[in-house]
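Next up, coords_1.cif (mmCIF, C-alpha atoms):
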```cif
data_query
loop_
_atom_site.label_atom_id
_atom_site.label_comp_id
_atom_site.auth_asym_id
_atom_site.auth_seq_id
_atom_site.Cartn_x
_atom_site.Cartn_y
_atom_site.Cartn_z
CA MET A 1 0.00 0.00 0.00
CA GLY A 2 1.57 3.28 -1.12
CA LEU A 3 1.64 6.40 1.00
CA LEU A 4 -1.03 8.02 -1.11
CA THR A 5 -3.39 5.13 -0.50
CA VAL A 6 -2.72 5.37 3.20
CA LEU A 7 -3.44 9.07 3.22
CA LYS A 8 -6.64 8.54 1.30
CA LYS A 9 -7.76 5.89 3.72
CA LEU A 10 -7.06 8.26 6.59
CA LYS A 11 -9.26 10.91 5.09
CA GLN A 12 -12.11 8.60 4.24
CA LYS A 13 -12.27 6.90 7.58
CA GLU A 14 -12.57 10.18 9.47
CA LYS A 15 -10.45 8.67 12.22
CA GLU A 16 -13.22 6.67 13.78
CA ILE A 17 -12.36 4.23 16.52
CA ARG A 18 -14.64 1.54 17.92
CA ILE A 19 -14.05 0.43 21.48
CA LEU A 20 -15.88 -2.45 23.12
CA MET A 21 -16.07 -2.49 26.89
CA LEU A 22 -16.80 -5.86 28.47
CA GLY A 23 -16.39 -7.63 31.79
CA LEU A 24 -18.47 -9.51 34.34
CA ASP A 25 -21.61 -7.95 35.76
CA ASN A 26 -21.00 -5.34 38.46
CA ALA A 27 -17.42 -4.74 37.29
CA GLY A 28 -18.19 -1.03 36.82
CA LYS A 29 -18.33 -0.69 33.02
CA THR A 30 -21.26 1.73 32.92
CA THR A 31 -19.89 3.75 35.83
CA ILE A 32 -16.56 4.12 34.02
CA LEU A 33 -18.33 5.21 30.85
CA LYS A 34 -20.41 7.78 32.68
CA ARG A 35 -17.52 8.99 34.78
CA ILE A 36 -15.35 9.61 31.73
CA ASN A 37 -18.15 11.79 30.41
CA GLY A 38 -18.81 13.80 33.53
CA GLU A 39 -22.21 12.25 34.14
CA ASP A 40 -23.92 11.59 37.44
CA ILE A 41 -22.93 8.14 38.75
CA SER A 42 -25.13 8.00 41.83
CA THR A 43 -27.87 5.85 40.31
CA ILE A 44 -26.65 3.12 38.00
CA SER A 45 -28.64 -0.05 37.43
CA PRO A 46 -27.50 -3.25 35.70
CA THR A 47 -27.20 -2.82 31.92
CA LEU A 48 -29.79 -4.96 30.13
CA GLY A 49 -28.51 -4.20 26.67
CA PHE A 50 -25.87 -1.67 25.65
CA ASN A 51 -24.80 1.90 26.42
CA ILE A 52 -22.98 3.71 23.67
CA LYS A 53 -21.09 6.99 23.80
CA THR A 54 -20.03 8.80 20.70
CA LEU A 55 -17.47 11.46 21.49
CA VAL A 56 -14.31 13.10 20.27
CA HIS A 57 -11.10 12.33 22.18
CA ASN A 58 -7.66 13.61 21.12
CA GLY A 59 -8.96 14.26 17.62
CA TYR A 60 -10.47 10.81 17.17
CA LYS A 61 -14.14 10.05 16.97
CA LEU A 62 -14.71 7.32 19.53
CA ASN A 63 -17.67 5.01 19.69
CA ILE A 64 -17.50 3.27 23.04
CA TRP A 65 -19.82 0.31 23.50
CA ASP A 66 -20.58 -0.93 26.99
CA VAL A 67 -22.53 -4.19 26.80
CA GLY A 68 -24.18 -5.74 29.88
CA GLY A 69 -22.13 -8.37 31.71
CA GLN A 70 -24.80 -10.55 33.30
CA LYS A 71 -24.45 -14.22 32.53
CA SER A 72 -27.67 -14.28 30.49
CA ILE A 73 -26.38 -11.47 28.27
CA ARG A 74 -22.78 -12.67 27.75
CA SER A 75 -23.83 -14.97 24.91
CA TYR A 76 -24.79 -11.85 22.95
CA TRP A 77 -21.34 -10.24 23.26
CA ARG A 78 -20.22 -11.84 20.00
CA ASN A 79 -22.74 -9.68 18.13
CA TYR A 80 -20.61 -6.66 18.95
CA PHE A 81 -17.14 -7.93 17.96
CA GLU A 82 -17.21 -6.80 14.34
CA GLN A 83 -14.89 -3.89 13.53
CA THR A 84 -13.72 -3.51 17.13
CA ASP A 85 -10.40 -1.67 17.33
CA GLY A 86 -9.99 -1.88 21.08
CA LEU A 87 -11.28 -4.08 23.87
CA VAL A 88 -11.54 -2.66 27.39
CA TRP A 89 -11.87 -5.45 29.95
CA VAL A 90 -13.17 -4.21 33.28
CA VAL A 91 -12.43 -6.12 36.47
CA ASP A 92 -13.89 -5.68 39.96
CA SER A 93 -10.60 -5.91 41.88
CA ALA A 94 -12.50 -6.65 45.10
CA ASP A 95 -14.47 -9.56 43.64
CA ARG A 96 -14.59 -13.08 45.12
CA PRO A 97 -11.91 -15.59 44.04
CA ASP A 98 -14.40 -17.76 42.10
CA ARG A 99 -15.68 -14.72 40.23
CA LEU A 100 -12.13 -13.67 39.38
CA GLU A 101 -11.63 -17.16 38.00
CA ASP A 102 -14.78 -16.64 35.82
CA CYS A 103 -13.29 -13.33 34.83
CA ARG A 104 -10.02 -14.94 33.72
CA ARG A 105 -11.83 -17.62 31.74
CA GLU A 106 -14.17 -15.18 29.97
CA LEU A 107 -11.28 -12.91 29.02
CA HIS A 108 -9.11 -15.68 27.60
CA SER A 109 -12.00 -17.08 25.57
CA LEU A 110 -12.59 -13.63 24.06
CA LEU A 111 -8.96 -13.47 23.01
CA LEU A 112 -9.49 -16.55 20.84
CA GLU A 113 -12.17 -14.73 18.83
CA GLU A 114 -11.07 -14.13 15.29
CA ARG A 115 -13.00 -10.88 14.98
CA LEU A 116 -11.14 -9.45 17.97
CA ALA A 117 -7.77 -10.61 16.71
CA GLY A 118 -6.51 -7.15 15.80
CA ALA A 119 -7.84 -5.34 18.85
CA SER A 120 -5.71 -3.60 21.48
CA LEU A 121 -6.55 -4.77 24.98
CA LEU A 122 -6.80 -2.54 28.04
CA ILE A 123 -7.55 -4.11 31.41
CA PHE A 124 -9.03 -1.79 34.00
CA ALA A 125 -8.39 -3.17 37.51
CA ASN A 126 -11.32 -1.18 38.83
CA LYS A 127 -12.51 -0.36 42.36
CA GLN A 128 -9.03 0.48 43.69
CA ASP A 129 -10.81 2.81 46.11
CA LEU A 130 -12.15 -0.20 48.05
CA SER A 131 -10.02 -1.38 50.96
CA GLY A 132 -10.35 -5.06 49.98
CA ALA A 133 -9.25 -4.49 46.41
CA LEU A 134 -6.35 -6.45 44.95
CA SER A 135 -3.58 -4.43 43.34
CA TYR A 136 -3.28 -4.34 39.57
CA GLU A 137 -0.18 -6.55 39.86
CA GLN A 138 -2.23 -9.19 41.67
CA ILE A 139 -5.00 -8.94 39.05
CA GLU A 140 -2.38 -9.29 36.32
CA GLU A 141 -1.24 -12.50 37.98
CA LEU A 142 -4.73 -13.91 38.62
CA LEU A 143 -5.90 -13.22 35.07
CA ASP A 144 -2.72 -14.75 33.69
CA LEU A 145 -2.11 -11.73 31.49
CA ARG A 146 1.57 -12.53 30.91
CA SER A 147 0.54 -15.47 28.76
CA ILE A 148 -1.13 -13.18 26.22
CA GLN A 149 0.96 -13.14 23.05
CA THR A 150 -1.74 -12.32 20.53
CA HIS A 151 -2.74 -8.79 21.53
CA HIS A 152 -1.11 -5.55 22.60
CA TRP A 153 -2.25 -5.32 26.19
CA HIS A 154 -1.91 -3.01 29.16
CA ILE A 155 -3.28 -3.15 32.71
CA ILE A 156 -3.97 -0.16 34.90
CA GLY A 157 -5.49 0.16 38.36
CA CYS A 158 -8.38 2.61 38.45
CA SER A 159 -11.43 3.79 40.30
CA ALA A 160 -14.63 4.72 38.52
CA VAL A 161 -15.81 6.38 41.72
CA THR A 162 -12.85 8.74 42.17
CA GLY A 163 -12.05 8.86 38.47
CA ALA A 164 -8.41 7.89 39.09
CA ASN A 165 -6.54 6.63 36.03
CA LEU A 166 -9.58 6.43 33.76
CA LEU A 167 -8.27 8.96 31.30
CA ALA A 168 -4.76 7.50 31.45
CA GLY A 169 -6.23 4.14 30.45
CA MET A 170 -8.29 5.58 27.62
CA ASP A 171 -5.28 7.53 26.38
CA TRP A 172 -3.25 4.34 26.24
CA ILE A 173 -5.79 2.39 24.22
CA VAL A 174 -6.57 5.24 21.82
CA SER A 175 -2.90 5.89 21.09
CA ASP A 176 -2.15 2.18 20.74
CA ILE A 177 -4.98 1.81 18.24
CA ALA A 178 -4.04 5.00 16.44
CA SER A 179 -0.42 3.94 16.03
CA ARG A 180 -1.56 0.69 14.43
CA ILE A 181 -4.38 1.94 12.23
CA TYR A 182 -3.47 5.48 11.42
CA MET A 183 0.31 5.19 11.62
CA LEU A 184 2.38 7.43 13.84
CA GLU A 185 1.27 11.01 13.93
CA MET B 1 -59.03 6.30 9.57
CA ALA B 2 -56.74 5.49 6.69
CA ASN B 3 -56.55 9.04 5.37
CA LYS B 4 -55.62 10.38 8.80
CA SER B 5 -52.01 9.47 8.24
CA LYS B 6 -50.10 11.10 5.43
CA SER B 7 -47.56 8.60 4.21
CA THR B 8 -46.33 7.06 1.03
CA ARG B 9 -45.64 3.41 0.41
CA PRO B 10 -42.86 1.97 2.54
CA GLN B 11 -40.94 0.00 -0.04
CA ASN B 12 -37.73 1.25 -1.55
CA VAL B 13 -36.91 3.89 1.04
CA THR B 14 -33.25 3.11 1.70
CA PRO B 15 -30.59 4.71 3.90
CA GLU B 16 -28.76 5.80 0.75
CA MET B 17 -31.84 7.67 -0.43
CA VAL B 18 -32.50 9.61 2.75
CA LEU B 19 -28.81 10.53 3.05
CA LYS B 20 -29.22 12.46 -0.19
CA TYR B 21 -32.17 14.55 0.96
CA THR B 22 -31.48 18.27 0.99
CA LYS B 23 -34.74 19.40 2.54
CA PRO B 24 -37.43 18.02 4.86
CA THR B 25 -39.77 15.52 3.25
CA ASP B 26 -43.33 16.63 2.45
CA LYS B 27 -44.84 13.44 3.83
CA PHE B 28 -44.04 10.61 6.14
CA LEU B 29 -42.33 7.85 4.21
CA CYS B 30 -43.82 4.89 6.05
CA PRO B 31 -46.94 4.08 8.05
CA LEU B 32 -46.83 4.15 11.85
CA SER B 33 -47.84 0.50 11.97
CA LEU B 34 -44.44 -0.70 10.70
CA ASN B 35 -42.66 -0.12 13.98
CA LYS B 36 -42.98 -3.44 15.74
CA TYR B 37 -39.41 -3.23 16.99
CA ILE B 38 -38.61 -0.36 19.28
CA GLU B 39 -40.16 1.92 21.85
CA PHE B 40 -38.54 5.17 22.96
CA LEU B 41 -38.22 5.58 26.68
CA GLU B 42 -36.21 8.76 27.17
CA PHE B 43 -34.60 11.62 25.35
CA ARG B 44 -32.40 14.22 26.99
CA ILE B 45 -29.99 16.96 26.13
CA ARG B 46 -26.97 17.84 28.24
CA ASP B 47 -24.85 20.96 28.06
CA MET B 48 -21.38 19.46 28.27
CA GLU B 49 -19.74 22.54 29.75
CA SER B 50 -21.94 22.63 32.86
CA SER B 51 -22.83 18.92 32.55
CA LYS B 52 -26.41 19.89 33.33
CA VAL B 53 -29.42 18.19 31.79
CA VAL B 54 -31.22 21.02 30.05
CA PHE B 55 -34.03 19.06 28.46
CA GLU B 56 -35.64 15.75 29.31
CA VAL B 57 -38.68 13.73 28.24
CA LYS B 58 -39.53 10.32 29.66
CA ARG B 59 -42.13 7.76 28.81
CA PRO B 60 -44.20 6.91 31.88
CA SER B 61 -42.75 3.70 33.31
CA VAL B 62 -45.58 1.40 32.33
CA GLU B 63 -44.60 -2.04 31.15
CA ILE B 64 -44.60 -2.41 27.36
CA ASN B 65 -46.98 -5.01 26.05
CA TRP B 66 -45.34 -5.87 22.73
CA LYS B 67 -48.20 -8.07 21.60
CA GLU B 68 -50.86 -5.44 21.99
CA ARG B 69 -49.22 -2.15 21.22
CA ASP B 70 -51.49 0.48 19.74
CA LEU B 71 -49.87 1.46 16.46
CA SER B 72 -52.84 3.34 15.06
CA GLY B 73 -53.36 7.06 15.29
CA GLY B 74 -52.53 10.12 13.28
CA ASP B 75 -49.37 11.95 12.35
CA GLU B 76 -49.50 14.09 15.48
CA LEU B 77 -48.01 11.06 17.23
CA ARG B 78 -44.82 11.36 15.25
CA THR B 79 -44.53 15.11 15.01
CA ILE B 80 -42.86 16.86 17.90
CA ALA B 81 -42.64 20.62 18.40
CA TYR B 82 -39.81 21.55 20.74
CA THR B 83 -39.54 24.97 22.33
CA PHE B 84 -36.12 25.62 23.79
CA PRO B 85 -34.73 28.63 25.63
CA VAL B 86 -32.60 30.89 23.44
CA ASP B 87 -29.56 29.86 25.56
CA PHE B 88 -29.53 26.58 23.65
CA LEU B 89 -28.15 28.34 20.64
CA SER B 90 -25.08 29.42 22.59
CA TYR B 91 -24.00 25.98 23.81
CA LYS B 92 -20.64 24.88 22.43
CA THR B 93 -20.95 21.15 23.03
CA VAL B 94 -24.02 19.09 23.82
CA GLY B 95 -24.77 15.46 24.50
CA THR B 96 -28.05 14.01 23.25
CA THR B 97 -29.16 10.78 24.87
CA LEU B 98 -31.69 8.37 23.48
CA VAL B 99 -32.99 5.44 25.54
CA PHE B 100 -35.04 2.76 23.81
CA ALA B 101 -36.51 -0.65 24.48
CA VAL B 102 -36.30 -3.51 21.98
CA CYS B 103 -38.97 -6.10 21.16
CA PRO B 104 -38.76 -9.73 22.39
CA GLU B 105 -37.47 -10.89 18.99
CA GLY B 106 -34.46 -8.56 19.04
CA ILE B 107 -33.15 -6.74 15.96
CA GLN B 108 -30.38 -7.86 13.60
CA ASN B 109 -29.42 -4.49 12.22
CA PHE B 110 -30.72 -1.19 13.53
CA ARG B 111 -29.71 2.15 12.04
CA MET B 112 -30.77 5.73 12.57
CA ILE B 113 -30.38 8.65 10.22
CA GLU B 114 -31.39 12.12 11.31
CA ARG B 115 -31.32 15.23 9.11
CA HIS B 116 -31.57 18.73 10.53
CA TYR B 117 -32.49 21.70 8.37
CA PHE B 118 -32.88 25.42 8.74
CA LYS B 119 -34.93 27.16 6.07
CA GLY B 120 -34.56 24.17 3.82
CA LYS B 121 -30.77 24.01 4.19
CA LEU B 122 -29.03 20.99 5.73
CA LEU B 123 -27.45 21.90 9.09
CA LYS B 124 -26.42 18.51 10.42
CA SER B 125 -26.79 14.86 9.61
CA PHE B 126 -26.44 11.94 12.01
CA ASP B 127 -25.95 8.43 10.70
CA PHE B 128 -25.51 5.81 13.36
CA THR B 129 -25.55 2.03 13.01
CA PHE B 130 -26.50 0.30 16.24
CA GLY B 131 -26.37 -3.07 14.55
CA TYR B 132 -27.58 -5.93 16.70
CA CYS B 133 -30.03 -5.25 19.53
CA ILE B 134 -30.59 -7.89 22.23
CA PRO B 135 -34.17 -9.22 22.69
CA ASN B 136 -36.06 -7.31 25.41
CA SER B 137 -33.08 -5.03 25.97
CA VAL B 138 -33.00 -1.42 27.08
CA ASN B 139 -30.30 0.54 25.31
CA THR B 140 -28.77 3.97 25.57
CA TRP B 141 -26.87 6.06 23.07
CA GLU B 142 -25.32 9.41 23.86
CA ALA B 143 -23.83 11.44 21.07
CA VAL B 144 -21.55 14.24 22.23
CA TYR B 145 -20.84 16.82 19.57
CA SER B 146 -19.90 20.45 19.02
CA LEU B 147 -22.46 22.84 17.70
CA PRO B 148 -21.61 25.22 14.91
CA GLU B 149 -20.84 28.68 16.23
CA LEU B 150 -23.66 31.00 15.26
CA THR B 151 -23.43 34.72 14.69
CA GLU B 152 -25.82 37.03 16.50
CA LYS B 153 -27.64 37.55 13.26
CA GLN B 154 -28.10 33.82 12.72
CA VAL B 155 -29.40 33.37 16.26
CA GLN B 156 -31.90 36.18 15.73
CA GLU B 157 -32.97 34.61 12.46
CA MET B 158 -33.67 31.29 14.16
CA VAL B 159 -35.62 32.99 16.95
CA ASP B 160 -37.63 35.01 14.44
CA ASN B 161 -38.52 31.98 12.31
CA PRO B 162 -39.99 29.46 14.72
CA GLY B 163 -41.20 27.00 12.10
CA SER B 164 -38.02 26.91 10.05
CA THR B 165 -35.76 24.63 12.06
CA LEU B 166 -36.88 21.10 11.24
CA SER B 167 -35.63 17.55 11.38
CA ASP B 168 -36.50 14.19 9.90
CA SER B 169 -35.55 11.04 11.80
CA PHE B 170 -35.45 7.78 9.90
CA TYR B 171 -35.11 4.40 11.57
CA PHE B 172 -34.15 1.31 9.61
CA VAL B 173 -34.31 -2.36 10.52
CA ASP B 174 -32.29 -4.51 8.13
CA ASP B 175 -32.17 -1.51 5.76
CA ARG B 176 -35.94 -1.24 5.68
CA LEU B 177 -37.59 1.96 6.92
CA ILE B 178 -39.74 1.16 9.97
CA MET B 179 -40.23 4.58 11.51
CA HIS B 180 -40.13 8.19 10.44
CA ASN B 181 -40.52 11.06 12.90
CA LYS B 182 -40.50 14.80 12.38
CA ALA B 183 -39.62 17.58 14.75
CA SER B 184 -39.69 21.36 14.67
CA TYR B 185 -37.65 23.59 16.94
CA SER B 186 -38.37 27.07 18.15
CA TYR B 187 -36.40 29.26 20.52
CA SER B 188 -37.79 31.84 22.89
#
```

Step by step, read the file and then write its structure as structure tokens.
Amino acid sequence: MGLLTVLKKLKQKEKEIRILMLGLDNAGKTTILKRINGEDISTISPTLGFNIKTLVHNGYKLNIWDVGGQKSIRSYWRNYFEQTDGLVWVVDSADRPDRLEDCRRELHSLLLEERLAGASLLIFANKQDLSGALSYEQIEELLDLRSIQTHHWHIIGCSAVTGANLLAGMDWIVSDIASRIYMLE
Amino acid sequence: MANKSKSTRPQNVTPEMVLKYTKPTDKFLCPLSLNKYIEFLEFRIRDMESSKVVFEVKRPSVEINWKERDLSGGDELRTIAYTFPVDFLSYKTVGTTLVFAVCPEGIQNFRMIERHYFKGKLLKSFDFTFGYCIPNSVNTWEAVYSLPELTEKQVQEMVDNPGSTLSDSFYFVDDRLIMHNKASYSYS
């Protein structure tokens, strides 16, 4: 592909990025999404479908999809894989050991999905504000992240309640995607 | 009853067609009865600078009976006249949120196209593909976008011409038009 073709593609695509946010129920996906956008987070109920935000971040048009994480809904996740540039996996760092095991299994099965093969992966070790929360290093260990060879990945501890590290995480995934799709700018 | 609703035949109205429109349509392009798929629950507008909700409408929280929904009625049901404070025209960035419920069968491919006009000139066009919608789901979409900066003269013109800011909203299921709504906006 010549430079001219690349430039053309850049122009046509309007720098749109699609991010899919998944994780077990009660991990804090919707709270993160709302927090990033300066919305009220005092009343959030379980997501029985999706929440989408379309916004501009660092010059890119982001479409962030938060799909409900309840067990009955997880089988529908695959309907949202197409054209995903980045996967944000949200973890409740204060969750029970058996749930963290579910969390590890669900994540690793997603990574086998062909339609997510090219996606950058950000893991939010959420709820760092809770006293019982595991550190991001412990989450990294429990989710066996070191074994991931197929995706660019990055883990960051965060709190949707205080807002800590949310933007740092989003910046990482957007720039990782941008450097792959839109070349270095 | 049949002549109460002004609409043309539903076939052949495609997303590609409505994306080429340069002015509001004269008529509704499909009958009300085609929407067996979605029900709007909420619509709100947020000023992003203050993060305040400046407009909100909600459907009363009565359970939706998908089998016996009343899809009759006239065009007044799909024509909305908004009156906003003049302040709205000075917002730099707004977020518009749409909340909708989906029928028990779910939807394979859902897409919305909305065209906004002032005095017959296209101001803004939204084209969003939701794609798959989970059976019986409740879904939310917020679009955050900058508004074009208006001169004082333009603001005055919009205030002075209450019936001239119009929009057409087209909703497609599997590329077939299933709903068409119209809105007019006035500022005072």

Any chance you could resolve the PyMOL selection byres ((chain A) within 6 of (chain B)) against this file and give the residues as number ranges by chain? A: 48-55

Excluding Lys34 of chain A and its own-chain neighbours fewer than 6 positions away, which residues fall within 9 Å of it when counting all atoms listed in the file? Please give them as a list in words.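 Skipping anything fewer than 6 positions along the chain leaves Asp40, Ile41, Lys53 and Ala160 of chain A.
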
Can you turn the PyMOL selection byres ((chain A and resi 132) around 9) into a concrete residue list for this file, as a ChimeraX atom specification? /A:93-95,128-131,133-134

Would you be able to write out as a PyMOL selection string which residues have an atom within 10 Å of (-12.3, 5.2, 18.0) in the file's coordinates, counting all atoms listed in the file? chain A and resi 14-20+54-57+59-64+84-86+173-175+177-178

Enumerate, as a ChimeraX atom specification, the residues matched when the PyMOL selection byres ((chain A and resi 24) around 7) is run on the file above. /A:23,25-27,69-70,103

Shortest contact to Leu77 of chain B, candidates B:Val62, B:Ser188, B:Leu166, B:Asn181, atoms counted only C-alpha atoms, goes to B:Asn181

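Of the listed residues (A:Gly118, A:Gly38, A:Gly28, A:Pro46), A:Gly118 comes nearest to Glu82 of chain A; the distances count only C-alpha atoms.
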
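Closest approach to Lys27 of chain B from the set B:Thr79, B:Asp70, B:Glu39, B:Phe172 is made by B:Thr79, with distances taken over only C-alpha atoms.
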
Using all atoms listed in the file for the distances, tell me which of B:Asp168, B:Asp174, B:Glu63, B:Asp160 is nearest to Val18 of chain B.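 Ranked by minimum distance to Val18 of chain B, first place goes to B:Asp168.
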
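Distance-wise, atom CA of Asn79 of chain A and atom CA of Tyr182 of chain A end up 25.4 Å apart.
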
Return the single residue from B:Leu29, B:Leu150, B:Lys58, B:Gly163 that is closest to Val13 of chain B, with distances computed using all atoms listed in the file. B:Leu29
